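Containing compact mmCIF, C-alpha atoms: query_20.txt.
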```
# COMPACT_ATOMS: atom_id res chain seq x y z
CA SER A 1 -12.60 9.33 16.46
CA THR A 2 -14.73 9.69 13.34
CA GLU A 3 -14.98 13.24 12.04
CA VAL A 4 -17.61 14.94 9.93
CA ARG A 5 -16.35 17.25 7.18
CA THR A 6 -16.70 18.24 3.54
CA ALA A 7 -14.45 16.82 0.82
CA ARG A 8 -11.15 18.62 0.34
CA ARG A 9 -10.21 20.02 -3.05
CA ALA A 10 -6.67 19.76 -4.34
CA PRO A 11 -4.91 22.59 -6.22
CA HIS A 12 -5.77 22.87 -9.92
CA CYS A 13 -3.69 20.61 -12.17
CA PRO A 14 -4.36 21.09 -15.92
CA MET A 15 -2.74 17.80 -16.94
CA TRP A 16 -4.92 15.66 -14.69
CA SER A 17 -8.00 17.69 -15.53
CA ARG A 18 -7.45 16.93 -19.20
CA LEU A 19 -6.85 13.26 -18.45
CA ALA A 20 -10.01 13.02 -16.39
CA CYS A 21 -12.04 14.62 -19.18
CA CYS A 22 -10.73 12.02 -21.64
CA TYR A 23 -12.30 9.25 -19.61
CA ARG A 24 -15.53 10.55 -18.17
CA SER A 25 -17.75 13.46 -17.38
CA VAL A 26 -17.47 14.72 -13.84
CA SER A 27 -21.25 14.80 -13.66
CA THR A 28 -21.32 10.98 -13.77
CA LEU A 29 -19.38 10.65 -10.51
CA ALA A 30 -21.08 9.85 -7.22
CA THR A 31 -19.48 12.62 -5.17
CA PRO A 32 -19.69 12.64 -1.38
CA ASN A 33 -20.78 16.26 -1.29
CA ALA A 34 -23.33 16.00 -4.09
CA GLU A 35 -26.28 18.35 -3.72
CA ASP A 36 -28.76 15.50 -3.82
CA ASP A 37 -27.18 13.86 -0.79
CA LYS A 38 -29.23 15.21 2.07
CA SER A 39 -27.47 13.23 4.79
CA THR A 40 -24.35 14.27 6.67
CA LEU A 41 -21.47 12.02 5.64
CA GLU A 42 -18.86 10.77 8.07
CA TYR A 43 -15.13 10.60 7.40
CA ALA A 44 -12.57 8.48 9.24
CA SER A 45 -9.60 10.67 8.30
CA SER A 46 -8.51 13.29 5.77
CA CYS A 47 -9.40 10.84 2.97
CA TRP A 48 -11.90 12.06 0.36
CA LEU A 49 -13.84 8.80 0.66
CA PRO A 50 -16.50 8.74 3.39
CA THR A 51 -17.31 5.79 5.66
CA THR A 52 -20.18 4.83 3.34
CA TRP A 53 -19.83 3.39 -0.17
CA VAL A 54 -19.11 5.79 -3.03
CA GLU A 55 -18.83 4.68 -6.66
CA VAL A 56 -16.04 5.99 -8.88
CA PRO A 57 -15.23 5.05 -12.49
CA LEU A 58 -12.41 2.88 -13.73
CA VAL A 59 -10.52 5.10 -16.19
CA ALA A 60 -7.44 3.01 -17.06
CA LYS A 61 -5.96 -0.50 -16.74
CA HIS A 62 -2.34 -1.53 -17.19
CA GLU A 63 -0.99 -5.08 -16.89
CA VAL A 64 2.24 -4.92 -14.89
CA SER A 65 2.97 -8.66 -14.62
CA HIS A 66 1.50 -12.05 -15.53
CA ASP A 67 -1.00 -11.80 -12.68
CA ALA A 68 -1.05 -8.17 -11.48
CA THR A 69 -2.78 -5.09 -12.87
CA LYS A 70 -2.64 -1.39 -12.11
CA TYR A 71 -6.13 0.15 -12.05
CA THR A 72 -6.70 3.90 -12.23
CA PHE A 73 -9.94 5.28 -10.80
CA GLY A 74 -11.30 8.73 -11.49
CA LEU A 75 -12.12 11.39 -8.93
CA PRO A 76 -13.81 14.76 -9.48
CA ALA A 77 -11.54 17.23 -11.24
CA ASN A 78 -9.04 18.92 -8.90
CA VAL A 79 -9.90 16.56 -6.03
CA SER A 80 -7.24 14.28 -4.52
CA LEU A 81 -7.76 11.11 -2.50
CA ASN A 82 -5.84 12.70 0.38
CA LEU A 83 -5.31 9.40 2.19
CA PRO A 84 -3.05 9.65 5.26
CA THR A 85 0.10 7.52 5.69
CA CYS A 86 -0.35 4.73 6.66
CA ALA A 87 -3.93 3.88 5.68
CA CYS A 88 -5.94 1.88 3.15
CA ILE A 89 -9.38 1.93 1.54
CA LEU A 90 -12.06 -0.74 1.13
CA LEU A 91 -13.34 -2.07 -2.19
CA LYS A 92 -16.78 -3.64 -2.56
CA GLY A 93 -16.83 -6.70 -4.79
CA PRO A 94 -19.58 -9.15 -5.72
CA ASP A 95 -21.60 -11.14 -3.17
CA ASP A 96 -20.67 -8.76 -0.34
CA ALA A 97 -16.93 -9.35 -0.81
CA VAL A 98 -14.96 -6.50 0.78
CA ARG A 99 -11.19 -6.16 0.45
CA PRO A 100 -8.67 -3.59 1.73
CA TYR A 101 -6.25 -2.02 -0.74
CA THR A 102 -3.50 0.57 -0.35
CA PRO A 103 -3.17 2.96 -3.31
CA ILE A 104 0.28 3.22 -4.88
CA SER A 105 -0.25 6.71 -6.32
CA ASP A 106 0.64 9.98 -4.64
CA SER A 107 -2.21 10.70 -2.25
CA GLU A 108 -2.20 14.36 -3.29
CA ARG A 109 -2.51 13.65 -7.01
CA PRO A 110 -5.67 15.34 -8.26
CA GLY A 111 -8.29 13.62 -10.37
CA SER A 112 -7.48 9.95 -9.84
CA PHE A 113 -5.79 7.25 -7.78
CA ASP A 114 -4.09 3.91 -8.62
CA LEU A 115 -4.44 0.45 -7.13
CA LEU A 116 -2.03 -2.41 -7.83
CA VAL A 117 -3.91 -5.70 -7.50
CA LYS A 118 -2.64 -9.26 -7.85
CA ARG A 119 -5.13 -11.76 -9.28
CA TYR A 120 -5.85 -15.04 -7.56
CA PRO A 121 -7.75 -17.91 -9.26
CA ASN A 122 -10.51 -17.82 -6.67
CA GLY A 123 -10.10 -14.19 -5.62
CA ALA A 124 -13.56 -12.65 -5.59
CA ALA A 125 -12.36 -9.04 -5.56
CA SER A 126 -9.32 -9.43 -7.82
CA GLN A 127 -11.24 -11.34 -10.49
CA TYR A 128 -14.11 -8.86 -10.24
CA LEU A 129 -11.74 -5.95 -10.83
CA HIS A 130 -10.06 -7.66 -13.76
CA SER A 131 -13.43 -8.14 -15.44
CA ARG A 132 -14.32 -4.44 -15.21
CA ALA A 133 -14.32 -2.39 -18.39
CA ILE A 134 -13.18 1.21 -18.74
CA GLY A 135 -16.04 3.40 -17.53
CA ASP A 136 -17.46 0.82 -15.13
CA LYS A 137 -17.98 2.08 -11.59
CA VAL A 138 -16.53 0.45 -8.49
CA ALA A 139 -17.56 1.20 -4.90
CA PHE A 140 -15.05 2.28 -2.24
CA LYS A 141 -15.14 3.59 1.32
CA HIS A 142 -12.67 4.41 4.11
CA VAL A 143 -13.40 3.56 7.75
CA LYS A 144 -11.64 4.09 11.06
CA GLY A 145 -10.12 0.60 11.06
CA ASN A 146 -8.32 1.43 7.80
CA VAL A 147 -6.12 4.00 9.56
CA LYS A 148 -2.89 2.34 10.69
CA ILE A 149 0.23 3.65 12.42
CA GLN A 150 0.69 7.24 11.30
CA TYR A 151 3.64 9.09 9.84
CA PRO A 152 5.98 10.50 11.19
CA PHE A 153 6.11 7.38 13.43
CA LYS A 154 7.02 9.45 16.46
CA GLY A 155 10.10 8.37 18.38
CA LYS A 156 11.24 5.89 15.73
CA GLN A 157 14.60 6.45 14.04
CA ASN A 158 15.45 3.04 12.56
CA LEU A 159 12.81 1.59 10.27
CA THR A 160 12.59 -1.86 8.66
CA LEU A 161 9.82 -2.93 6.30
CA LEU A 162 9.12 -6.66 5.93
CA ALA A 163 6.84 -7.39 2.97
CA ALA A 164 5.84 -10.30 0.77
CA GLY A 165 3.88 -10.22 -2.48
CA THR A 166 1.21 -7.52 -2.56
CA GLY A 167 2.20 -6.63 0.99
CA ILE A 168 4.53 -4.18 -0.75
CA THR A 169 1.76 -1.63 -1.36
CA PRO A 170 1.48 -0.24 2.21
CA MET A 171 5.28 -0.32 2.42
CA TYR A 172 5.52 1.69 -0.80
CA GLN A 173 3.05 4.20 0.65
CA ALA A 174 5.27 4.58 3.71
CA LEU A 175 8.45 4.78 1.61
CA ARG A 176 7.03 7.56 -0.57
CA LYS A 177 6.32 9.62 2.53
CA LEU A 178 9.63 8.85 4.23
CA MET A 179 11.80 9.52 1.18
CA ASN A 180 9.93 12.58 -0.11
CA THR A 181 9.35 14.56 3.09
CA PRO A 182 11.87 17.42 3.40
CA GLY A 183 13.96 17.13 6.55
CA ASP A 184 13.32 13.42 7.10
CA SER A 185 16.76 11.79 7.03
CA ARG A 186 16.00 8.47 8.73
CA LYS A 187 17.48 5.28 7.31
CA VAL A 188 15.09 2.60 6.07
CA THR A 189 15.56 -1.03 5.06
CA LEU A 190 13.00 -2.86 2.91
CA ILE A 191 13.15 -6.66 2.91
CA TYR A 192 10.78 -7.87 0.21
CA GLY A 193 9.97 -11.54 -0.42
CA ASN A 194 8.62 -13.11 -3.63
CA LYS A 195 8.51 -16.53 -5.28
CA SER A 196 10.42 -15.37 -8.37
CA VAL A 197 11.94 -12.27 -9.91
CA ALA A 198 8.93 -12.07 -12.25
CA ASP A 199 6.64 -11.78 -9.21
CA ILE A 200 8.33 -8.64 -7.82
CA LEU A 201 5.86 -5.77 -7.88
CA LEU A 202 6.97 -2.13 -8.25
CA LEU A 203 10.50 -3.22 -9.12
CA PRO A 204 11.30 -0.20 -11.35
CA GLU A 205 9.85 2.19 -8.76
CA LEU A 206 11.83 0.60 -5.92
CA GLU A 207 15.01 0.66 -8.03
CA ALA A 208 14.55 4.36 -8.78
CA MET A 209 13.85 5.16 -5.14
CA ALA A 210 16.95 3.27 -3.97
CA GLU A 211 19.12 5.00 -6.58
CA ALA A 212 17.79 8.41 -5.54
CA ASN A 213 18.41 7.73 -1.83
CA PRO A 214 21.58 5.59 -1.63
CA ASP A 215 22.50 6.78 1.86
CA ARG A 216 19.03 6.28 3.32
CA LEU A 217 17.28 3.35 1.64
CA THR A 218 18.49 -0.25 1.51
CA VAL A 219 16.39 -2.72 -0.49
CA VAL A 220 16.86 -6.48 -0.12
CA HIS A 221 14.86 -8.83 -2.33
CA VAL A 222 14.35 -12.35 -0.98
CA ILE A 223 13.49 -14.79 -3.77
CA GLY A 224 12.42 -18.39 -3.40
CA THR A 225 9.68 -20.99 -3.19
CA SER A 226 11.28 -22.78 -0.24
CA PRO A 227 13.31 -21.59 2.78
CA THR A 228 16.59 -23.02 1.42
CA ASP A 229 16.42 -21.78 -2.19
CA PRO A 230 19.61 -20.06 -3.41
CA PRO A 231 19.44 -16.51 -4.80
CA PRO A 232 18.77 -16.15 -8.54
CA ASP A 233 21.87 -16.43 -10.74
CA ASP A 234 20.88 -13.72 -13.20
CA TRP A 235 20.23 -10.89 -10.71
CA ASP A 236 21.13 -7.54 -12.28
CA HIS A 237 19.54 -4.82 -10.18
CA VAL A 238 20.57 -2.07 -7.76
CA ALA A 239 19.08 -3.82 -4.74
CA GLN A 240 20.65 -6.69 -2.86
CA VAL A 241 19.24 -10.18 -3.28
CA ALA A 242 19.02 -13.29 -1.11
CA GLY A 243 17.47 -16.71 -1.62
CA GLY A 244 14.71 -18.47 0.30
CA TRP A 245 12.16 -16.80 2.57
CA ILE A 246 12.20 -13.88 5.01
CA ASP A 247 13.34 -15.70 8.14
CA GLU A 248 15.16 -15.21 11.42
CA ASP A 249 18.63 -15.18 9.87
CA LYS A 250 17.75 -12.54 7.28
CA ILE A 251 16.04 -10.32 9.83
CA LYS A 252 19.11 -10.56 12.08
CA LYS A 253 21.36 -9.69 9.13
CA TYR A 254 19.45 -6.82 7.54
CA ALA A 255 16.86 -5.37 9.95
CA ALA A 256 17.33 -2.72 12.61
CA PRO A 257 18.02 -4.48 15.92
CA PRO A 258 15.51 -4.36 18.78
CA ALA A 259 15.53 -0.92 20.43
CA GLU A 260 12.99 1.62 21.61
CA ASP A 261 13.65 3.75 18.53
CA SER A 262 13.32 0.82 16.09
CA LEU A 263 10.14 0.05 14.16
CA ILE A 264 9.44 -3.07 12.10
CA PHE A 265 6.53 -3.03 9.64
CA VAL A 266 5.08 -6.41 8.58
CA CYS A 267 2.72 -7.05 5.68
CA GLY A 268 2.04 -10.24 3.76
CA LEU A 269 -0.06 -13.39 3.73
CA PRO A 270 -1.36 -14.97 6.98
CA GLY A 271 1.46 -17.52 7.01
CA MET A 272 4.02 -14.73 7.09
CA TYR A 273 2.31 -13.07 10.05
CA ALA A 274 2.08 -16.40 11.87
CA ALA A 275 5.79 -17.06 11.49
CA LEU A 276 7.15 -13.57 12.11
CA CYS A 277 4.88 -11.91 14.66
CA GLY A 278 1.50 -13.62 15.10
CA PRO A 279 -1.89 -12.83 13.52
CA ARG A 280 -2.46 -9.32 12.17
CA SER A 281 -5.64 -9.04 14.24
CA GLU A 282 -3.70 -9.46 17.50
CA PRO A 283 -1.58 -6.47 18.58
CA GLU A 284 0.73 -8.50 20.81
CA LEU A 285 3.64 -10.49 19.37
CA ALA A 286 2.91 -14.20 19.45
CA GLU A 287 5.00 -16.19 21.87
CA GLY A 288 7.70 -18.04 19.94
CA SER A 289 7.33 -15.96 16.77
CA VAL A 290 10.52 -14.86 15.02
CA LEU A 291 10.37 -11.21 16.07
CA GLN A 292 9.47 -12.12 19.66
CA ARG A 293 12.42 -14.52 19.88
CA LEU A 294 14.75 -11.85 18.54
CA GLY A 295 13.78 -9.45 21.33
CA TYR A 296 11.33 -7.12 19.59
CA THR A 297 8.31 -5.97 21.60
CA ARG A 298 4.79 -4.81 20.70
CA GLY A 299 5.85 -1.16 20.50
CA MET A 300 8.56 -2.03 17.98
CA VAL A 301 6.30 -3.84 15.48
CA ALA A 302 3.50 -2.50 13.27
CA LYS A 303 1.27 -5.18 11.75
CA MET A 304 -0.06 -3.58 8.58
```

For this file, produce the structure as structure tokens.
Amino acid sequence: STEVRTARRAPHCPMWSRLACCYRSVSTLATPNAEDDKSTLEYASSCWLPTTWVEVPLVAKHEVSHDATKYTFGLPANVSLNLPTCACILLKGPDDAVRPYTPISDSERPGSFDLLVKRYPNGAASQYLHSRAIGDKVAFKHVKGNVKIQYPFKGKQNLTLLAAGTGITPMYQALRKLMNTPGDSRKVTLIYGNKSVADILLLPELEAMAEANPDRLTVVHVIGTSPTDPPPDDWDHVAQVAGGWIDEDKIKKYAAPPAEDSLIFVCGLPGMYAALCGPRSEPELAEGSVLQRLGYTRGMVAKM
């Protein structure tokens, strides 16, 4: 249920305080607990953002690929986003466009948070973001529907993450928590599909994570523009690689098999959901979908 609270403050971090001061004055931020806000704000989780729109400034932009950008947004000094795992936030674009995004930064990092956004030719939100200048403000909020399956994923020991394109961001959020929580020794497999090697997002971060956790994390990149494409010839990375699309054969080969302690995360474009498990908006697995045919049940699949 929705809770009412005041914004949490993260421990003091001089580095991020200095960075924040380089980009803006804290007094310019629209803070949820500002003195001039006479209403009681509602919060859907531990996240600093309330369920109503709050504007924060864009403080940095970094192009990470030919069509994807990392955006850094400022928060009040010493305040972290404190978003639970797994959860996302909503961005308000032009003409009432609203899009969900999962930050790729550490949720406890004070002073700012990062979004990784892929641009689409007719993408209202992605084009809007790309046109923003440093110092421009962008509105965000966090509502109950943004809170997904929650870590530690009780009762689940074998985890498989199926992602395509920007569907990697909620998977990366989950991976950060799984790999960095002391005492969590569960094995995880990430199967990540893209059209080309150049389209892979967070490749250096995923490589570093796999190298740091060789006994726990298996990463398989699936590269292709058609189901029968061969793997790329010039692959030179830590992770495994396969050609084509994420399909029944690859799930059978790499994913944890159906079992009560198995959990399969799915995140990608609507066509991926339709083929693998059915629409994201429907909790049940669609009859005839890949995961349903393989024996997985509703309790074994998390549609992100």

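Between CA of Gly135 (chain A) and CA of Gly111 (chain A) the separation is 14.7 Å.
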
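Across A:Lys195, A:Leu162, A:Tyr172, A:Pro232, the tightest approach to Ile246 (chain A) is made by A:Leu162 when counting all atoms listed in the file.
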
| task | Go through A:Cys88, A:Val64, A:Leu58, A:Leu269 one by one, measure the shortest atom-to-atom distance of each to Ala44 (chain A) using all atoms listed in the file, and give the residue with the smallest value. | result | A:Cys88

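Considering the residues A:Ile251, A:Ala208, A:Leu263, A:Ala302 and counting only C-alpha atoms, Cys86 (chain A) has its shortest atom-to-atom contact with A:Ala302.
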
Show me a table, sorted first by chain and then by increasing residue number, of the residues of region 239-300 of chain A having an atom at most 12 Å from region 151-154 of chain A, each with its shortest atom pair and the distance in Å to one decimal, counting all atoms listed in the file and written as JSON lines.
```
{"residue": "A:Glu260", "atom": "CA", "partner": "A:Lys154", "partner_atom": "CA", "distance": 11.1}
{"residue": "A:Asp261", "atom": "CA", "partner": "A:Lys154", "partner_atom": "CA", "distance": 9.0}
{"residue": "A:Ser262", "atom": "CA", "partner": "A:Phe153", "partner_atom": "CA", "distance": 10.1}
{"residue": "A:Leu263", "atom": "CA", "partner": "A:Phe153", "partner_atom": "CA", "distance": 8.4}
{"residue": "A:Ile264", "atom": "CA", "partner": "A:Phe153", "partner_atom": "CA", "distance": 11.0}
{"residue": "A:Phe265", "atom": "CA", "partner": "A:Phe153", "partner_atom": "CA", "distance": 11.1}
{"residue": "A:Gly299", "atom": "CA", "partner": "A:Phe153", "partner_atom": "CA", "distance": 11.1}
{"residue": "A:Met300", "atom": "CA", "partner": "A:Phe153", "partner_atom": "CA", "distance": 10.7}
```

| note | Shortest contact to Gly243 (chain A), candidates A:Leu116, A:Val301, A:Val222, A:Leu217, atoms counted only C-alpha atoms, goes to A:Val222

Where atoms are lacking, region 127-145 of chain A completed to N, CA and C atoms, as a PDB file, keeping the file's coordinate frame:
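Listing of out_5.pdb after writing:
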```
ATOM      1  N   GLN A 127     -10.634 -10.928  -9.229  1.00  0.00           N
ATOM      2  CA  GLN A 127     -11.240 -11.340 -10.490  1.00  0.00           C
ATOM      3  C   GLN A 127     -12.337 -10.371 -10.920  1.00  0.00           C
ATOM      4  N   TYR A 128     -13.077  -9.861  -9.952  1.00  0.00           N
ATOM      5  CA  TYR A 128     -14.110  -8.860 -10.240  1.00  0.00           C
ATOM      6  C   TYR A 128     -13.485  -7.614 -10.878  1.00  0.00           C
ATOM      7  N   LEU A 129     -12.405  -7.126 -10.288  1.00  0.00           N
ATOM      8  CA  LEU A 129     -11.740  -5.950 -10.830  1.00  0.00           C
ATOM      9  C   LEU A 129     -11.230  -6.205 -12.250  1.00  0.00           C
ATOM     10  N   HIS A 130     -10.634  -7.367 -12.453  1.00  0.00           N
ATOM     11  CA  HIS A 130     -10.060  -7.660 -13.760  1.00  0.00           C
ATOM     12  C   HIS A 130     -11.120  -7.744 -14.848  1.00  0.00           C
ATOM     13  N   SER A 131     -12.349  -8.041 -14.456  1.00  0.00           N
ATOM     14  CA  SER A 131     -13.430  -8.140 -15.440  1.00  0.00           C
ATOM     15  C   SER A 131     -14.081  -6.795 -15.736  1.00  0.00           C
ATOM     16  N   ARG A 132     -13.709  -5.747 -14.987  1.00  0.00           N
ATOM     17  CA  ARG A 132     -14.320  -4.440 -15.210  1.00  0.00           C
ATOM     18  C   ARG A 132     -13.798  -3.805 -16.500  1.00  0.00           C
ATOM     19  N   ALA A 133     -14.689  -3.116 -17.187  1.00  0.00           N
ATOM     20  CA  ALA A 133     -14.320  -2.390 -18.390  1.00  0.00           C
ATOM     21  C   ALA A 133     -14.120  -0.914 -18.075  1.00  0.00           C
ATOM     22  N   ILE A 134     -13.372  -0.221 -18.926  1.00  0.00           N
ATOM     23  CA  ILE A 134     -13.180   1.210 -18.740  1.00  0.00           C
ATOM     24  C   ILE A 134     -14.556   1.891 -18.710  1.00  0.00           C
ATOM     25  N   GLY A 135     -14.760   2.722 -17.711  1.00  0.00           N
ATOM     26  CA  GLY A 135     -16.040   3.400 -17.530  1.00  0.00           C
ATOM     27  C   GLY A 135     -16.922   2.756 -16.488  1.00  0.00           C
ATOM     28  N   ASP A 136     -16.684   1.475 -16.182  1.00  0.00           N
ATOM     29  CA  ASP A 136     -17.460   0.820 -15.130  1.00  0.00           C
ATOM     30  C   ASP A 136     -17.159   1.465 -13.786  1.00  0.00           C
ATOM     31  N   LYS A 137     -18.152   1.485 -12.921  1.00  0.00           N
ATOM     32  CA  LYS A 137     -17.980   2.080 -11.590  1.00  0.00           C
ATOM     33  C   LYS A 137     -17.731   1.002 -10.536  1.00  0.00           C
ATOM     34  N   VAL A 138     -16.891   1.349  -9.589  1.00  0.00           N
ATOM     35  CA  VAL A 138     -16.530   0.450  -8.490  1.00  0.00           C
ATOM     36  C   VAL A 138     -16.719   1.219  -7.181  1.00  0.00           C
ATOM     37  N   ALA A 139     -17.241   0.545  -6.174  1.00  0.00           N
ATOM     38  CA  ALA A 139     -17.560   1.200  -4.900  1.00  0.00           C
ATOM     39  C   ALA A 139     -16.393   1.092  -3.912  1.00  0.00           C
ATOM     40  N   PHE A 140     -16.099   2.215  -3.252  1.00  0.00           N
ATOM     41  CA  PHE A 140     -15.050   2.280  -2.240  1.00  0.00           C
ATOM     42  C   PHE A 140     -15.566   3.026  -1.011  1.00  0.00           C
ATOM     43  N   LYS A 141     -14.934   2.774   0.135  1.00  0.00           N
ATOM     44  CA  LYS A 141     -15.140   3.590   1.320  1.00  0.00           C
ATOM     45  C   LYS A 141     -13.884   3.519   2.183  1.00  0.00           C
ATOM     46  N   HIS A 142     -13.855   4.330   3.232  1.00  0.00           N
ATOM     47  CA  HIS A 142     -12.670   4.410   4.110  1.00  0.00           C
ATOM     48  C   HIS A 142     -13.193   4.564   5.536  1.00  0.00           C
ATOM     49  N   VAL A 143     -12.871   3.586   6.385  1.00  0.00           N
ATOM     50  CA  VAL A 143     -13.400   3.560   7.750  1.00  0.00           C
ATOM     51  C   VAL A 143     -12.260   3.662   8.763  1.00  0.00           C
ATOM     52  N   LYS A 144     -12.628   3.859   9.999  1.00  0.00           N
ATOM     53  CA  LYS A 144     -11.640   4.090  11.060  1.00  0.00           C
ATOM     54  C   LYS A 144     -10.606   2.979  11.146  1.00  0.00           C
ATOM     55  N   GLY A 145     -11.044   1.725  10.969  1.00  0.00           N
ATOM     56  CA  GLY A 145     -10.120   0.600  11.060  1.00  0.00           C
ATOM     57  C   GLY A 145      -9.090   0.564   9.957  1.00  0.00           C
TER      58      GLY A 145
END
```
